[in-house]
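Working notes, structure below.
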Amino acid sequence: MSDLPLTSTHWGTYRVEQREGSITALHPFEHDTDPSPIGKGIVDVVEGPSRITQPMVRKSWLETGPGAAPERRGRDPFVAVDWETANDLVATELNRVRTEFGNESIFAGSYGWASAGRFHHAQSQLRRFLNCIGGHTQSVNTYSFAAGEVLVPHVLGGFRAFVYSEGNWDDVIQECDLLVAFGGVPIKNGQISQGGVGNHVQRDNVLAAADAGVSFVNISPLRSDVLTEANAEWLAARPSTDTAILLGLAHTLLVEGLEDRAFLEKFTEGFARFEAYLRGETDGVEKSAEWAAEISELDVETIRNLARRMATSNTMISTSWSMTRQDHGEQPFWAAIALASMLGQIGQPGRGLAFGFSAMNSVGNRYARLPVMAMPQGPNPVKSFIPVARISDMLLNPGESFDYDGQRYTYPDARIVWWAGGNPFHHHQDLNRMLEAWRRPDTIIVNDWCWNAQTKHADIVLPVNTSLEREDIAMAGLDPFVVKMDKVIDSVGQSRSDHEIFRGLAEHLGVADDFTQGRSEREWLEWIYEESRRICAANDIDLPSLADLERDRWFEAKTPMAEPTVLERFRADPQQTPLKTPSGKIEIFSETIASFGYDDCGGHPTWYEPGEWLGQTDVGTRLHLISNQPTTKLHSQLDHGSVSRAAKISGREPITLHPNDAAARGIESGDIVRVFNERGSCLCAAIVDDVVRPQVAQLATGAWFDPDPSGECKHGNPNVVTRDKGTSKLAQGPTAHTCLVEVQKFEGDLPAITAFDPPLIEPNTP
Ligand SMILES: Nc1nc2c(c(=O)[nH]1)N[C@H]1C(S)=C(S)[C@@H](COP(=O)(O)OP(=O)(O)OC[C@H]3O[C@@H](n4cnc5c(=O)[nH]c(N)nc54)[C@H](O)[C@@H]3O)O[C@H]1N2
Ligand SMILES: Nc1nc2c(c(=O)[nH]1)N[C@H]1C(S)=C(S)[C@@H](COP(=O)(O)OP(=O)(O)OC[C@H]3O[C@@H](n4cnc5c(=O)[nH]c(N)nc54)[C@H](O)[C@@H]3O)O[C@H]1N2
Ligand SMILES: [Mo]
């Protein structure tokens, strides 16, 4: 087995078997102690009807050119063309838009996860190519934690420097008594690490912490967000009320004199302003435990007792990334930092604050991150950008202005939209609104390998090969394993790597030398690896020669973290190692943010009523929908594969309902239900289980959008009903987790699932 070629994915490393040029099996890597089943899902879909094997052009677009019948996107047949024709069409369209509108009108934010592998990173290849011809409009921040990425730098002086390493399992196991996890410690999410995983460690760490006597508190609408074996206390709060709970805990500390005044004095800025708010001096509302209990539907004494336990234990607060994907998603992170500051334990081992244990496998491990080279994108002369989740706003409102992190900017007039390595039909909220926006650009180009909703809604589809069809190196820096990814089979059909696609286009546009710098794919790979080796060596990390790596196929560069973390250094010496904030301290009050004058994000952690939630007076029979990350796949990737399909019921995505809510609607496990609100509707299959709290419905993301003629998704994609509003003017992050829906039993004839069928393809008859 260990002689078989290796491949790396975001969900793990696998040995690959092939016979006569076709993939026959994937086996877990022998050094993975808790391998993810997700990988096997690729075997039956590398080839087959859902694979795109030739460049494709939407029929109306081919016949009448850019802007043709945009309402027919997703409905028109496609026409298969050869690469020469595809390159001609794309190059001509790029030149038209560049000269008539300027490069700003090429939107290539192209957000998404693509595949593991340092060289074949789809977005880098796309942006490098576009930067060779004058640049493109970008997107900033992530769907993962936009609100945290923009807020936390104002409060702690950075975000990425904290998110993976502040708080680690070794110290939790040794030092922590009480782990209070907002959004839990979801092992399902620990299957993933961006850029590749060698060994999955989250489950073992949770079990070791439980064995060591750590008490887990799971504050979440889902009991299963902490492993059963950890015996967590489950506080099933209303979704999107974390900020109120955090404020109620903070208020309890305050009125019971449990706050660490010495810590607040020495290490934080502006606590007095926050204290006045907690005491109700600024708005007449005390943020008491009673107040928090009413909002969250937790028990008052539970909140009070938790505050007391936190003050008298070695306490770690873990804040799941999901909290940033709710309305006002800046606030729970800020309130958690404020609460941890009041406890005074920040910067001590196993205590204080961690950003989302098990959000990915790489969170909470105390080893040095590998400093590695990325595929260089080159300078982008275009300065225009959007916050990533404002894609529909941009397309619907060209020329209009928007707020973001203290400034006002203008939406560009995007004429070309280009996606390589991401899927907005998976990731974006309110898909019906997005479909409206999707009609605005003249031309939509997508590089992808399968007929998912996004390729079906494109004008020009450029077929890429999968990572099993090209060589690469997995070396994202987050995971200690470096894996030489073998090319196991030839490219399926006429598919090409993203690099090869852009090299072809660069030749057409006369910028091939700029794009390739004279290097072949193999020479780029060698260059990226040798550069990474050099940078690692400068940081005392020795990577093997490429020849040795190719011989052994993998290398574990596990180097203990040499340095204390930022917060450990800050606690040890706040004068010498201040935070990179204006005051050098933790900004419980931020003059900077206050100076922006936003009505939806003021100068200190604040409870703002969410746009939709169970506490609103007209909630009626609606349930709160949690569209969390799926267990059997990564986002939309491999939804068409065997592993994801095995978890569906009657071919539809399962939705979990509490027995009370199911009974009230006459719904039983296995029934098909319609989930809907004013934004849209979808069909799913019910699982009735008290693993969710009453009034909450849980429907994971990832089912490929499969609209019937009326727009109802037959397959269960939650983003037809989620809301498309920014977290606030500060971060403008997505708010998918703040969403109310009606759920009804579906009666009538079940429509067939067409999500995995290719579109109609016509031969090219000139
Ligand atoms: N309702 C709701 N929505 C959410 C979330 C939520 O919690 N709730 N979470 C959000 C989050 S955190 C995220 S990160 C996003 C994820 O959203 P995305 O990252 O956009 O989702 P993926 O399905 O990973 O999309 C990757 C696409 O790249 C393609 N691909 C794979 N390899 C290659 C390659 O080598 N080249 C090219 N060109 N393409 C390739 C895949 O086929 C797939 O279509 O979703 C967000 N959406
Ligand atoms: N298997 C798998 N793993 C993944 C991914 C995947 O697609 N599949 N995606 C990866 C990516 S891109 C990311 S960004 C991370 C995201 O990691 P997270 O943000 O942690 O992911 P979620 O599953 O959205 O949320 C975790 C849990 O938070 C709970 N939750 C939801 N809303 C609330 C709330 O208002 N309050 C509280 N307290 N809890 C709430 C939900 O019950 C949910 O199960 O996951 C990564 N891991
Ligand atoms: Mo994410």
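Each chain in the structure tokens gets a letter, A, B and so on, in the order shown; residues start at 1 in every chain, and ligands are counted from 1 in the order they appear.
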
So which residues of range 528-666 of chain A fall under alpha helix (DSSP H) by DSSP, listed as an MDAnalysis selection string?
chainID A and resid 528:538 546:552 566:572 591:595 642:646 659:664

Write out as JSON, numbers by chain each polymer residue (protein, DNA or RNA) that has an atom no more than 8 Å from ligand 2, with only C-alpha atoms and all ligand atoms counted.
{"A": [11, 113, 143, 144, 145, 181, 182, 183, 184, 185, 186, 188, 189, 190, 191, 192, 193, 194, 218, 219, 220, 221, 222, 223, 224, 225, 237, 238, 239, 240, 241, 242, 320, 321, 322, 323, 324, 325, 326, 356, 358, 359, 360, 626, 627, 628, 629, 630, 631, 632, 633, 634, 635, 636, 698, 700, 701, 702, 737, 738]}

Got a sec: who's within 12 Å of Ala703 in chain A, counting only C-alpha atoms, leaving out chain neighbours fewer than 5 positions off, as number ranges by chain?
A: 423, 425-427, 452-453, 627, 629-641, 644-645, 647-648, 651-655, 682-684, 713-720, 753-756

Which residue of A:Ala594, A:Ala307, A:Val743, A:Ile501 approaches ligand 1 most closely, using only C-alpha atoms and all ligand atoms:
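Answer, going by the shortest atom-to-atom distance: A:Ile501.
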
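Counting only C-alpha atoms, Tyr608 in chain A has the following residues at most 12 Å away, ignoring those fewer than 3 positions along the same chain: Ser240, Thr241, Asp242, Thr243, Ala244, Leu247, Ile295, Gln326, Asp327, His328, Gly329, Glu330, Gln331, Pro332, Asp599, Asp600, Cys601, Gly602, His604, Pro605, Gly611, Glu612, Trp613, Thr727 and Ser728 of chain A.
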
Please dump the current selection as a PDB file, in the first residue's frame; keep C-alpha atoms.
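File written: out.pdb
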```pdb
ATOM      1  CA  SER A 240     -27.523  34.592  17.139  1.00  0.00           C
ATOM      2  CA  THR A 241     -27.789  35.525  20.835  1.00  0.00           C
ATOM      3  CA  ASP A 242     -24.167  34.830  21.822  1.00  0.00           C
ATOM      4  CA  THR A 243     -23.375  38.491  22.370  1.00  0.00           C
ATOM      5  CA  ALA A 244     -26.194  38.804  24.902  1.00  0.00           C
ATOM      6  CA  LEU A 247     -22.624  40.412  28.108  1.00  0.00           C
ATOM      7  CA  ILE A 295     -32.860  36.972  25.050  1.00  0.00           C
ATOM      8  CA  GLN A 326     -24.469  35.912  12.023  1.00  0.00           C
ATOM      9  CA  ASP A 327     -25.969  39.361  11.963  1.00  0.00           C
ATOM     10  CA  HIS A 328     -23.583  41.745  13.794  1.00  0.00           C
ATOM     11  CA  GLY A 329     -21.026  38.938  13.741  1.00  0.00           C
ATOM     12  CA  GLU A 330     -18.337  41.377  14.893  1.00  0.00           C
ATOM     13  CA  GLN A 331     -19.896  41.592  18.358  1.00  0.00           C
ATOM     14  CA  PRO A 332     -19.581  38.022  19.720  1.00  0.00           C
ATOM     15  CA  ASP A 599     -25.091  52.818  13.854  1.00  0.00           C
ATOM     16  CA  ASP A 600     -24.484  49.062  13.599  1.00  0.00           C
ATOM     17  CA  CYS A 601     -20.990  48.817  15.100  1.00  0.00           C
ATOM     18  CA  GLY A 602     -20.068  51.264  17.851  1.00  0.00           C
ATOM     19  CA  HIS A 604     -17.436  48.683  22.353  1.00  0.00           C
ATOM     20  CA  PRO A 605     -19.096  45.254  22.309  1.00  0.00           C
ATOM     21  CA  GLY A 611     -32.353  41.075  11.700  1.00  0.00           C
ATOM     22  CA  GLU A 612     -34.093  37.713  12.130  1.00  0.00           C
ATOM     23  CA  TRP A 613     -34.278  35.698  15.316  1.00  0.00           C
ATOM     24  CA  THR A 727     -22.773  41.920   9.308  1.00  0.00           C
ATOM     25  CA  SER A 728     -22.378  45.689   9.657  1.00  0.00           C
TER      26      SER A 728
END
```

Fewer than 2 positions away in the same chain doesn't count, so skip those; otherwise give me all residues within 7 Å of Ala116 in chain A, counting only C-alpha atoms, as a compact mmCIF listing (two decimals) with all heavy atoms, in the first residue's frame.
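result.txt, written as the output of this step:
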```txt
# COMPACT_ATOMS: atom_id res chain seq x y z
N SER A 8 -3.04 14.68 -2.05
CA SER A 8 -3.43 15.47 -0.88
C SER A 8 -4.68 16.27 -1.22
O SER A 8 -4.80 16.79 -2.33
CB SER A 8 -2.30 16.41 -0.48
OG SER A 8 -2.76 17.30 0.51
N THR A 9 -5.60 16.33 -0.27
CA THR A 9 -6.82 17.12 -0.42
C THR A 9 -7.01 17.93 0.85
O THR A 9 -6.34 17.68 1.84
CB THR A 9 -8.05 16.21 -0.60
OG1 THR A 9 -8.26 15.51 0.64
CG2 THR A 9 -7.84 15.18 -1.71
N HIS A 10 -7.95 18.87 0.80
CA HIS A 10 -8.24 19.64 2.02
C HIS A 10 -8.76 18.73 3.13
O HIS A 10 -8.79 19.12 4.28
CB HIS A 10 -9.31 20.70 1.75
CG HIS A 10 -8.96 21.68 0.67
ND1 HIS A 10 -7.82 22.44 0.68
CD2 HIS A 10 -9.62 22.04 -0.46
CE1 HIS A 10 -7.79 23.23 -0.38
NE2 HIS A 10 -8.88 23.00 -1.10
N ARG A 118 0.20 23.56 -4.03
CA ARG A 118 0.75 24.91 -3.97
C ARG A 118 0.80 25.59 -5.33
O ARG A 118 0.55 26.77 -5.45
CB ARG A 118 2.16 24.82 -3.38
CG ARG A 118 2.62 26.04 -2.64
CD ARG A 118 1.74 26.32 -1.46
NE ARG A 118 2.12 27.57 -0.83
CZ ARG A 118 1.30 28.28 -0.07
NH1 ARG A 118 0.08 27.86 0.16
NH2 ARG A 118 1.71 29.39 0.47
N GLY A 195 -5.53 23.42 2.21
CA GLY A 195 -4.22 23.15 1.62
C GLY A 195 -3.69 21.77 1.92
O GLY A 195 -2.63 21.40 1.42
N GLY A 196 -4.42 20.96 2.71
CA GLY A 196 -3.99 19.58 2.94
C GLY A 196 -3.86 19.23 4.41
O GLY A 196 -3.57 20.09 5.24
N ALA A 474 1.63 19.58 -1.85
CA ALA A 474 0.75 20.13 -0.82
C ALA A 474 1.63 20.62 0.32
O ALA A 474 2.40 19.87 0.90
CB ALA A 474 -0.22 19.07 -0.32
```

Let's see if you can do this: from backbone DSSP, list all strand (DSSP E) residues in range 313-460 of chain A, as a PyMOL selection string.
chain A and resi 315-319+352-354+385-387+401-404+407-410+416-420+443-448+460

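Among A:Ala114, A:Val692, A:Met56, A:Ala236, the residue with the shortest atom-to-atom distance to ligand 3, counting only C-alpha atoms and all ligand atoms, is A:Ala114.
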
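Between Cys536 in chain A and the candidates A:Ile106, A:Val372, A:Arg309, A:Leu549, the tightest atom-to-atom separation, counting only C-alpha atoms, involves A:Val372.
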
Shortest contact to Asn380 in chain A, candidates A:Glu104, A:Asp757, A:Glu563, A:Asp393, atoms counted only C-alpha atoms, goes to A:Glu104

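For the choices A:Ser495, A:Asn677, A:Ser669, A:Ser532, the atom-to-atom distance to ligand 1 is smallest for A:Ser495 when using only C-alpha atoms and all ligand atoms.
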
Using only C-alpha atoms, find the one residue out of A:Thr228, A:Val483, A:Gly109, A:Ile386 that sits nearest to Arg408 in chain A.
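Closest to Arg408 in chain A of all the choices is A:Ile386.
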
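In this structure, atom 27 (C, counted along the ligand's line) of ligand 1 sits 11.1 Å away from CA of Val464 in chain A.
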
Would you kindly return, as a PyMOL selection string, each protein, DNA or RNA residue with an atom no farther than 7 Å from any atom of range 286-290 of chain A, considering only C-alpha atoms and excluding same-chain residues fewer than 5 positions away?
chain A and resi 247-249+251-252+278-280+300+303-304

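For the pair CA of Glu17 in chain A and CA of Met485 in chain A, the interatomic distance is 13.5 Å.
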